[in-house]
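Asker: This one is entry33.tsv, TSV, C-alpha atoms.
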chain	number	residue	atom	x	y	z
A	1	MET	CA	-4.95	31.67	81.73
A	2	ARG	CA	-5.51	32.78	85.31
A	3	PRO	CA	-6.62	36.34	86.05
A	4	PRO	CA	-4.15	38.66	87.83
A	5	GLN	CA	-3.80	37.84	91.53
A	6	ARG	CA	-3.50	41.37	92.98
A	7	LEU	CA	-6.78	43.19	93.55
A	8	PRO	CA	-7.33	46.93	93.96
A	9	GLU	CA	-7.46	48.08	97.57
A	10	LEU	CA	-10.89	47.91	99.16
A	11	SER	CA	-12.63	50.79	100.88
A	12	SER	CA	-11.81	51.42	104.55
A	13	THR	CA	-15.36	50.55	105.63
A	14	ILE	CA	-14.69	46.82	105.17
A	15	ASN	CA	-10.94	46.68	105.82
A	16	GLY	CA	-11.46	45.20	109.30
A	17	PRO	CA	-12.66	41.65	108.56
A	18	LEU	CA	-10.92	41.57	105.18
A	19	GLY	CA	-7.63	42.63	106.73
A	20	LEU	CA	-7.74	39.73	109.18
A	21	LEU	CA	-8.75	37.28	106.44
A	22	ARG	CA	-5.85	38.46	104.28
A	23	THR	CA	-3.05	38.62	106.82
A	24	GLY	CA	-3.98	36.46	109.83
A	25	THR	CA	-2.22	33.20	110.58
A	26	LEU	CA	-4.24	30.35	109.07
A	27	ASP	CA	-4.30	26.99	110.86
A	28	VAL	CA	-6.32	24.04	109.53
A	29	VAL	CA	-8.44	22.37	112.23
A	30	GLY	CA	-10.79	20.18	110.17
A	31	ARG	CA	-12.36	19.36	106.82
A	32	LEU	CA	-15.98	19.82	105.74
A	33	THR	CA	-16.39	16.40	104.19
A	34	GLU	CA	-19.80	16.99	102.59
A	35	ALA	CA	-18.27	19.47	100.13
A	36	SER	CA	-17.38	18.24	96.64
A	37	ASN	CA	-14.14	20.25	96.62
A	38	VAL	CA	-11.53	20.39	99.38
A	39	THR	CA	-13.08	22.70	101.99
A	40	LEU	CA	-11.20	23.25	105.23
A	41	LEU	CA	-12.25	24.76	108.54
A	42	CYS	CA	-9.46	26.97	109.85
A	43	GLU	CA	-8.59	29.09	112.83
A	44	LEU	CA	-7.44	32.61	112.04
A	45	ARG	CA	-5.28	34.67	114.39
A	46	PRO	CA	-4.04	38.23	113.81
A	47	ASN	CA	-0.35	37.86	112.96
A	48	GLY	CA	-0.05	34.77	115.10
A	49	ALA	CA	-1.19	36.55	118.25
A	50	GLU	CA	-2.63	34.73	121.25
A	51	PRO	CA	-6.19	36.16	121.44
A	52	GLU	CA	-9.12	33.82	120.80
A	53	PRO	CA	-9.02	32.80	117.13
A	54	VAL	CA	-11.90	33.24	114.73
A	55	HIS	CA	-13.03	30.54	112.32
A	56	CYS	CA	-13.01	30.72	108.55
A	57	VAL	CA	-13.40	28.47	105.52
A	58	TYR	CA	-10.41	27.86	103.26
A	59	LYS	CA	-10.80	26.35	99.79
A	60	PRO	CA	-7.39	25.82	98.15
A	61	ILE	CA	-7.33	26.01	94.38
A	62	ARG	CA	-5.38	22.75	94.19
A	63	GLY	CA	-8.36	21.03	95.85
A	64	GLU	CA	-10.88	22.11	93.20
A	65	ARG	CA	-12.47	19.22	91.34
A	66	PRO	CA	-12.24	19.72	87.54
A	67	LEU	CA	-15.59	20.58	85.92
A	68	ASP	CA	-16.66	20.18	82.31
A	69	ASP	CA	-18.26	23.61	82.06
A	70	PHE	CA	-15.96	25.85	84.13
A	71	PRO	CA	-12.24	26.47	83.52
A	72	ILE	CA	-10.00	24.61	85.95
A	73	GLY	CA	-8.51	26.60	88.79
A	74	THR	CA	-11.05	29.44	88.66
A	75	LEU	CA	-13.62	28.59	91.35
A	76	ALA	CA	-11.86	30.51	94.14
A	77	TYR	CA	-11.76	33.60	91.94
A	78	ARG	CA	-15.48	33.29	91.29
A	79	GLU	CA	-16.19	33.08	95.03
A	80	VAL	CA	-14.34	36.36	95.57
A	81	ALA	CA	-16.09	37.95	92.58
A	82	ALA	CA	-19.45	37.02	94.12
A	83	TYR	CA	-18.40	38.78	97.32
A	84	GLU	CA	-17.39	41.89	95.37
A	85	LEU	CA	-20.76	42.04	93.63
A	86	SER	CA	-22.60	41.30	96.87
A	87	GLN	CA	-20.85	44.25	98.51
A	88	ALA	CA	-21.82	46.47	95.59
A	89	THR	CA	-25.51	45.66	96.16
A	90	GLY	CA	-25.31	46.50	99.86
A	91	TRP	CA	-27.28	43.31	100.63
A	92	ARG	CA	-24.42	41.51	102.49
A	93	ILE	CA	-25.34	38.16	100.99
A	94	VAL	CA	-21.81	36.76	100.64
A	95	PRO	CA	-19.68	36.70	103.82
A	96	PRO	CA	-16.32	38.54	103.68
A	97	THR	CA	-14.13	36.62	101.21
A	98	VAL	CA	-10.56	37.06	100.00
A	99	LEU	CA	-8.01	35.33	97.80
A	100	ARG	CA	-4.77	34.51	99.63
A	101	ASP	CA	-2.04	31.98	100.22
A	102	GLY	CA	-2.63	29.24	102.79
A	103	PRO	CA	-1.24	25.93	104.03
A	104	LEU	CA	-2.17	24.23	100.73
A	105	GLY	CA	-1.38	27.17	98.50
A	106	GLU	CA	-3.51	29.94	97.08
A	107	GLY	CA	-7.23	29.72	97.66
A	108	MET	CA	-10.40	31.37	98.84
A	109	VAL	CA	-10.74	32.29	102.52
A	110	GLN	CA	-14.19	33.25	103.79
A	111	ALA	CA	-15.48	34.30	107.18
A	112	TRP	CA	-17.24	31.48	109.03
A	113	ILE	CA	-20.95	32.09	109.63
A	114	GLU	CA	-22.53	30.71	112.79
A	115	ILE	CA	-26.01	29.66	111.68
A	116	ASP	CA	-29.25	29.65	113.61
A	117	GLU	CA	-29.82	25.93	114.13
A	118	ASP	CA	-33.53	26.53	114.81
A	119	ALA	CA	-34.16	28.16	111.44
A	120	ASP	CA	-36.14	26.01	108.98
A	121	ILE	CA	-34.76	26.72	105.52
A	122	VAL	CA	-37.23	24.41	103.80
A	123	GLU	CA	-40.11	26.34	105.34
A	124	MET	CA	-38.48	29.63	104.31
A	125	ILE	CA	-38.35	28.46	100.71
A	126	LEU	CA	-41.86	27.00	100.64
A	127	THR	CA	-43.43	30.08	102.26
A	128	ARG	CA	-41.47	32.55	100.13
A	129	ASP	CA	-39.72	34.18	103.04
A	130	PRO	CA	-39.20	37.77	101.80
A	131	ARG	CA	-35.60	37.74	103.01
A	132	LEU	CA	-34.81	35.20	100.28
A	133	ARG	CA	-36.02	37.40	97.43
A	134	ARG	CA	-32.83	39.45	97.32
A	135	MET	CA	-30.80	36.26	97.20
A	136	ALA	CA	-32.91	35.01	94.29
A	137	LEU	CA	-32.24	38.23	92.39
A	138	PHE	CA	-28.55	38.14	93.30
A	139	ASP	CA	-28.32	34.62	91.87
A	140	ALA	CA	-29.88	35.81	88.63
A	141	ILE	CA	-27.24	38.56	88.36
A	142	VAL	CA	-24.27	36.27	89.01
A	143	ASN	CA	-25.77	33.33	87.06
A	144	ASN	CA	-25.51	30.97	90.02
A	145	ALA	CA	-25.54	27.37	88.81
A	146	ASP	CA	-25.86	25.82	92.27
A	147	ARG	CA	-28.14	27.55	94.80
A	148	LYS	CA	-29.03	24.66	97.07
A	149	GLY	CA	-31.03	25.04	100.27
A	150	GLY	CA	-27.92	24.16	102.24
A	151	HIS	CA	-26.16	27.18	100.76
A	152	VAL	CA	-28.49	29.52	102.66
A	153	LEU	CA	-27.04	30.52	106.05
A	154	PRO	CA	-29.55	32.07	108.49
A	155	THR	CA	-28.09	33.80	111.55
A	156	ASP	CA	-29.51	34.53	114.99
A	157	ASP	CA	-30.07	38.20	114.11
A	158	GLY	CA	-32.41	37.25	111.25
A	159	HIS	CA	-29.99	37.96	108.41
A	160	LEU	CA	-29.49	35.46	105.57
A	161	HIS	CA	-26.08	34.85	104.06
A	162	GLY	CA	-25.30	32.66	101.07
A	163	CYS	CA	-22.23	30.52	100.45
A	164	ASP	CA	-20.64	28.35	97.75
A	165	HIS	CA	-20.50	30.66	94.73
A	166	GLY	CA	-17.73	28.88	92.86
A	167	VAL	CA	-19.94	28.04	89.86
A	168	CYS	CA	-21.18	31.55	89.10
A	169	PHE	CA	-20.49	34.05	86.31
A	170	ALA	CA	-20.52	31.65	83.36
A	171	VAL	CA	-21.15	33.29	79.99
A	172	GLU	CA	-23.84	30.75	79.07
A	173	PRO	CA	-27.13	30.78	81.05
A	174	LYS	CA	-26.79	28.29	83.90
A	175	LEU	CA	-29.14	29.54	86.62
A	176	ARG	CA	-30.07	26.59	88.84
A	177	THR	CA	-31.69	27.43	92.14
A	178	VAL	CA	-34.29	26.36	94.67
A	179	LEU	CA	-35.42	29.99	94.93
A	180	TRP	CA	-38.04	30.16	92.18
A	181	GLY	CA	-40.83	31.45	94.45
A	182	TRP	CA	-40.80	34.89	92.80
A	183	ARG	CA	-40.39	33.75	89.21
A	184	GLY	CA	-41.81	36.23	86.73
A	185	GLU	CA	-42.86	38.77	89.37
A	186	PRO	CA	-42.25	42.48	88.66
A	187	LEU	CA	-39.15	43.99	90.21
A	188	THR	CA	-39.69	46.56	92.93
A	189	ASP	CA	-38.54	50.15	92.55
A	190	GLU	CA	-35.81	49.47	95.11
A	191	GLU	CA	-34.57	46.48	93.13
A	192	VAL	CA	-34.55	48.43	89.88
A	193	ALA	CA	-32.59	51.23	91.52
A	194	CYS	CA	-30.03	48.75	92.82
A	195	LEU	CA	-29.66	47.12	89.40
A	196	LYS	CA	-29.13	50.53	87.78
A	197	THR	CA	-26.40	51.35	90.28
A	198	LEU	CA	-24.75	47.98	89.65
A	199	ARG	CA	-24.90	48.45	85.91
A	200	GLY	CA	-23.15	51.78	86.21
A	201	SER	CA	-20.52	50.27	88.49
A	202	ILE	CA	-19.79	47.53	85.96
A	203	ASP	CA	-18.45	50.28	83.70
A	204	GLY	CA	-16.34	51.64	86.58
A	205	ASP	CA	-14.83	50.40	89.82
A	206	LEU	CA	-16.84	47.17	90.16
A	207	GLY	CA	-16.00	46.24	86.59
A	208	ARG	CA	-12.29	46.68	87.31
A	209	ARG	CA	-12.58	44.47	90.39
A	210	LEU	CA	-14.41	41.76	88.50
A	211	ALA	CA	-11.89	41.95	85.66
A	212	ALA	CA	-9.16	40.99	88.17
A	213	LEU	CA	-11.09	37.80	88.94
A	214	LEU	CA	-13.06	36.82	85.83
A	215	SER	CA	-12.48	36.71	82.10
A	216	GLY	CA	-13.50	39.63	79.90
A	217	PRO	CA	-16.42	37.72	78.36
A	218	GLU	CA	-17.68	36.80	81.85
A	219	VAL	CA	-17.69	40.43	82.97
A	220	ALA	CA	-19.47	41.42	79.75
A	221	ALA	CA	-22.05	38.66	80.29
A	222	THR	CA	-22.72	40.02	83.80
A	223	ALA	CA	-23.44	43.42	82.28
A	224	ARG	CA	-25.80	41.82	79.75
A	225	ARG	CA	-27.70	40.02	82.51
A	226	LEU	CA	-28.18	43.33	84.29
A	227	ASP	CA	-29.34	44.93	81.04
A	228	ARG	CA	-31.87	42.16	80.51
A	229	LEU	CA	-33.24	42.40	84.06
A	230	LEU	CA	-33.58	46.16	83.69
A	231	SER	CA	-35.27	45.80	80.32
A	232	GLU	CA	-37.78	43.16	81.43
A	233	ARG	CA	-38.13	44.47	85.01
A	234	ARG	CA	-39.18	41.02	86.18
A	235	MET	CA	-37.65	38.22	88.16
A	236	PRO	CA	-36.35	35.53	85.80
A	237	LEU	CA	-38.28	32.45	84.73
A	238	PRO	CA	-36.84	28.92	84.62
A	239	ASP	CA	-35.44	27.88	81.25
A	240	PRO	CA	-37.64	25.02	79.96
A	241	TYR	CA	-34.72	23.53	78.04
A	242	ARG	CA	-32.30	22.87	80.92
A	243	PRO	CA	-32.47	21.85	84.58
A	244	ALA	CA	-33.75	24.70	86.75
A	245	ILE	CA	-33.02	23.15	90.16
A	246	PRO	CA	-29.62	21.81	91.31
A	247	TRP	CA	-29.34	18.21	92.39
A	248	PRO	CA	-29.46	17.40	95.18
A	249	PRO	CA	-31.50	20.50	96.08
A	250	PHE	CA	-30.24	20.49	99.70
Let's see the structure in the file written out as structure tokens.
Answerer:
Amino acid sequence: MRPPQRLPELSSTINGPLGLLRTGTLDVVGRLTEASNVTLLCELRPNGAEPEPVHCVYKPIRGERPLDDFPIGTLAYREVAAYELSQATGWRIVPPTVLRDGPLGEGMVQAWIEIDEDADIVEMILTRDPRLRRMALFDAIVNNADRKGGHVLPTDDGHLHGCDHGVCFAVEPKLRTVLWGWRGEPLTDEEVACLKTLRGSIDGDLGRRLAALLSGPEVAATARRLDRLLSERRMPLPDPYRPAIPWPPF
């Protein structure tokens, strides 16, 4: 069964980009053919107005490829749930993302990120660029089963975004990532403080938001992952009994 479609209202501090993503006129201009699911590049205009449009990514639910280990028709919800949790951390990893109707029906709509073409993501990973550490911890929290190098989006201002979070939040451990450079290292005080805040929010507003997008067991599993990270106070280690890196890795 699908989760409810209406989400609680978001805080006014992020209503700007989310408001446009939710209500702007969505026009398909192309398809990102390297994606395994239907992923469309769109132009977004405020209420059909004439000003220069902004770009966004639209992934209709009807274009999701069935998976053996994730319920059908849930990937768009998981993308939005990843954005909600990203916002709760304050790390701005996931670009603004909403669930809305579009030309091919309901789906995920996410702000387009213009990447820095000169950035070398392979070098970032191999040299343990400190900006990637938060993303590695974020992936452990959401149980990301597909953190490829191509899902890291560096921008000209030095910030790193992450995309493609449709296979997150499974109940069973599924962490597959190229970001193992900090495996087993102690968490910093700042990271522990953030995890504590998240854990409290799971029992409050964040938990209610996630419950509108995920199943009850998936929300509970997210809380357990936070509890484990806080108990061990270390970055996770790869599971020796299952693949630790997605394929292809980029």
Asker: Could you state the separation of CA of Ile202 in chain A and CA of Ser215 in chain A in Å, given to one decimal place?
Answerer: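 So the two atoms, CA of Ile202 in chain A and CA of Ser215 in chain A, lie 13.6 Å apart.
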Asker: Show which residues sit within 12 Å of range 168-176 of chain A, as a VMD selection string. Count all atoms listed in the file, and ignore same-chain residues fewer than 4 positions away.
Answerer: chain A and resid 69 to 71 74 to 83 85 136 to 149 163 to 164 180 210 to 211 213 to 225 236 to 249
Asker: Tell me which of A:Leu195, A:Val152, A:Val167, A:Leu21 sits closest to Pro46 in chain A, counting only C-alpha atoms.
Answerer: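 Smallest separation from Pro46 in chain A among the options: A:Leu21.
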Asker: From the list A:Gly150, A:Gly90, A:His55, A:Arg234, which residue is nearest Ile121 in chain A when using all atoms listed in the file?
Answerer: A:Gly150
Asker: So how far away is CA of Arg65 in chain A from CA of Ser36 in chain A, in Å?
Answerer: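 A separation of 7.3 Å between them.
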Asker: Considering only C-alpha atoms, give me a table of residues in range 67-146 of chain A that are at most 10 Å from range 24-34 of chain A, with the closest atom pair and distance in Å for each, as a Markdown table.
Answerer:
| residue | atom | partner | partner_atom | distance |
| --- | --- | --- | --- | --- |
| A:Asp101 | CA | A:Leu26 | CA | 9.3 |
| A:Gly102 | CA | A:Leu26 | CA | 6.6 |
| A:Pro103 | CA | A:Leu26 | CA | 7.3 |
| A:Leu104 | CA | A:Val28 | CA | 9.7 |
| A:Val109 | CA | A:Leu26 | CA | 9.4 |
Asker: Restricting the calculation to all atoms listed in the file, which member of A:Trp112, A:Phe250, A:Trp182, A:Tyr58 is positioned closest to Pro95 in chain A?
Answerer: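 Nearest to Pro95 in chain A: A:Trp112.
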Asker: Kindly compute an axis-aligned box around the listed atoms of range 190-201 of chain A, allowing 5 Å on each side, and express its centre and edge lengths in Å to one decimal as JSON.
Answerer:
{"center_x": -28.2, "center_y": 49.1, "center_z": 90.5, "size_x": 25.3, "size_y": 15.3, "size_z": 19.2}
Asker: In Å, with one decimal, what is the gap from CA of Met108 in chain A to CA of Gly200 in chain A?
Answerer: 27.2 Å
Asker: Leaving out Ile72 in chain A and any residue of its chain fewer than 6 positions from it, which residues lie within 12 Å of it when counting all atoms listed in the file, given as a ChimeraX atom specification?
Answerer: /A:1-2,61-66,78,166-167
Asker: Okay, now the selection with C-alpha atoms, as a PDB file, in the coordinates of the input?
Answerer:
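Once written, part28.pdb looks like this:
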ATOM      1  CA  MET A   1      -4.950  31.670  81.730  1.00  0.00           C
ATOM      2  CA  ARG A   2      -5.510  32.780  85.310  1.00  0.00           C
ATOM      3  CA  ILE A  61      -7.330  26.010  94.380  1.00  0.00           C
ATOM      4  CA  ARG A  62      -5.380  22.750  94.190  1.00  0.00           C
ATOM      5  CA  GLY A  63      -8.360  21.030  95.850  1.00  0.00           C
ATOM      6  CA  GLU A  64     -10.880  22.110  93.200  1.00  0.00           C
ATOM      7  CA  ARG A  65     -12.470  19.220  91.340  1.00  0.00           C
ATOM      8  CA  PRO A  66     -12.240  19.720  87.540  1.00  0.00           C
ATOM      9  CA  ARG A  78     -15.480  33.290  91.290  1.00  0.00           C
ATOM     10  CA  GLY A 166     -17.730  28.880  92.860  1.00  0.00           C
ATOM     11  CA  VAL A 167     -19.940  28.040  89.860  1.00  0.00           C
TER      12      VAL A 167
END
Asker: Choose the residue, out of A:His159, A:His165, A:Leu230, A:His151, that has the smallest atom-to-atom separation from Pro186 in chain A; count all atoms listed in the file.
Answerer: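 Ranking A:His159, A:His165, A:Leu230, A:His151 by distance to Pro186 in chain A, first place goes to A:Leu230.
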Asker: Give as a ChimeraX atom specification the set of residues within 12 Å of the point (-34.8, 28.4, 112.1), where distances use the file's coordinates and all atoms listed in the file.
Answerer: /A:115-125,129,152-160
Asker: When distances are computed from only C-alpha atoms, which of A:Glu114, A:Pro60, A:Arg22, A:Glu190 shows the smallest separation from Pro96 in chain A?
Answerer: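 Ranked by minimum distance to Pro96 in chain A, first place goes to A:Arg22.
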Asker: Considering only C-alpha atoms, can you say which of A:Leu67, A:Leu20, A:Val178, A:Ala111 comes closest to Asn37 in chain A?
Answerer: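 Nearest candidate to Asn37 in chain A out of A:Leu67, A:Leu20, A:Val178, A:Ala111: A:Leu67.
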Asker: Please complete range 125-144 of chain A with N, CA and C atoms and give it back as a PDB file, keeping the file's coordinate frame.
Answerer:
ATOM      1  N   ILE A 125     -38.221  28.549 102.163  1.00  0.00           N
ATOM      2  CA  ILE A 125     -38.350  28.460 100.710  1.00  0.00           C
ATOM      3  C   ILE A 125     -39.809  28.247 100.307  1.00  0.00           C
ATOM      4  N   LEU A 126     -40.488  27.337 101.003  1.00  0.00           N
ATOM      5  CA  LEU A 126     -41.860  27.000 100.640  1.00  0.00           C
ATOM      6  C   LEU A 126     -42.834  28.154 100.907  1.00  0.00           C
ATOM      7  N   THR A 127     -42.548  28.963 101.919  1.00  0.00           N
ATOM      8  CA  THR A 127     -43.430  30.080 102.260  1.00  0.00           C
ATOM      9  C   THR A 127     -42.975  31.395 101.653  1.00  0.00           C
ATOM     10  N   ARG A 128     -41.985  31.347 100.805  1.00  0.00           N
ATOM     11  CA  ARG A 128     -41.470  32.550 100.130  1.00  0.00           C
ATOM     12  C   ARG A 128     -41.077  33.621 101.152  1.00  0.00           C
ATOM     13  N   ASP A 129     -40.224  33.227 102.067  1.00  0.00           N
ATOM     14  CA  ASP A 129     -39.720  34.180 103.040  1.00  0.00           C
ATOM     15  C   ASP A 129     -39.147  35.386 102.293  1.00  0.00           C
ATOM     16  N   PRO A 130     -39.635  36.601 102.577  1.00  0.00           N
ATOM     17  CA  PRO A 130     -39.200  37.770 101.800  1.00  0.00           C
ATOM     18  C   PRO A 130     -37.706  38.035 101.880  1.00  0.00           C
ATOM     19  N   ARG A 131     -37.042  37.531 102.903  1.00  0.00           N
ATOM     20  CA  ARG A 131     -35.600  37.740 103.010  1.00  0.00           C
ATOM     21  C   ARG A 131     -34.835  36.993 101.912  1.00  0.00           C
ATOM     22  N   LEU A 132     -35.471  35.980 101.325  1.00  0.00           N
ATOM     23  CA  LEU A 132     -34.810  35.200 100.280  1.00  0.00           C
ATOM     24  C   LEU A 132     -34.924  35.845  98.897  1.00  0.00           C
ATOM     25  N   ARG A 133     -35.801  36.811  98.761  1.00  0.00           N
ATOM     26  CA  ARG A 133     -36.020  37.400  97.430  1.00  0.00           C
ATOM     27  C   ARG A 133     -34.746  38.074  96.906  1.00  0.00           C
ATOM     28  N   ARG A 134     -34.063  38.807  97.769  1.00  0.00           N
ATOM     29  CA  ARG A 134     -32.830  39.450  97.320  1.00  0.00           C
ATOM     30  C   ARG A 134     -31.804  38.415  96.881  1.00  0.00           C
ATOM     31  N   MET A 135     -31.738  37.305  97.588  1.00  0.00           N
ATOM     32  CA  MET A 135     -30.800  36.260  97.200  1.00  0.00           C
ATOM     33  C   MET A 135     -31.173  35.671  95.845  1.00  0.00           C
ATOM     34  N   ALA A 136     -32.467  35.519  95.594  1.00  0.00           N
ATOM     35  CA  ALA A 136     -32.910  35.010  94.290  1.00  0.00           C
ATOM     36  C   ALA A 136     -32.496  35.954  93.172  1.00  0.00           C
ATOM     37  N   LEU A 137     -32.630  37.254  93.405  1.00  0.00           N
ATOM     38  CA  LEU A 137     -32.240  38.230  92.390  1.00  0.00           C
ATOM     39  C   LEU A 137     -30.718  38.264  92.242  1.00  0.00           C
ATOM     40  N   PHE A 138     -30.012  38.189  93.348  1.00  0.00           N
ATOM     41  CA  PHE A 138     -28.550  38.140  93.300  1.00  0.00           C
ATOM     42  C   PHE A 138     -28.084  36.957  92.450  1.00  0.00           C
ATOM     43  N   ASP A 139     -28.711  35.798  92.645  1.00  0.00           N
ATOM     44  CA  ASP A 139     -28.320  34.620  91.870  1.00  0.00           C
ATOM     45  C   ASP A 139     -28.562  34.809  90.382  1.00  0.00           C
ATOM     46  N   ALA A 140     -29.621  35.538  90.044  1.00  0.00           N
ATOM     47  CA  ALA A 140     -29.880  35.810  88.630  1.00  0.00           C
ATOM     48  C   ALA A 140     -28.782  36.704  88.046  1.00  0.00           C
ATOM     49  N   ILE A 141     -28.287  37.647  88.837  1.00  0.00           N
ATOM     50  CA  ILE A 141     -27.240  38.560  88.360  1.00  0.00           C
ATOM     51  C   ILE A 141     -25.932  37.806  88.135  1.00  0.00           C
ATOM     52  N   VAL A 142     -25.561  36.952  89.101  1.00  0.00           N
ATOM     53  CA  VAL A 142     -24.270  36.270  89.010  1.00  0.00           C
ATOM     54  C   VAL A 142     -24.358  34.944  88.245  1.00  0.00           C
ATOM     55  N   ASN A 143     -25.579  34.562  87.828  1.00  0.00           N
ATOM     56  CA  ASN A 143     -25.770  33.330  87.060  1.00  0.00           C
ATOM     57  C   ASN A 143     -25.335  32.119  87.883  1.00  0.00           C
ATOM     58  N   ASN A 144     -25.890  32.029  89.087  1.00  0.00           N
ATOM     59  CA  ASN A 144     -25.510  30.970  90.020  1.00  0.00           C
ATOM     60  C   ASN A 144     -26.043  29.619  89.524  1.00  0.00           C
TER      61      ASN A 144
END
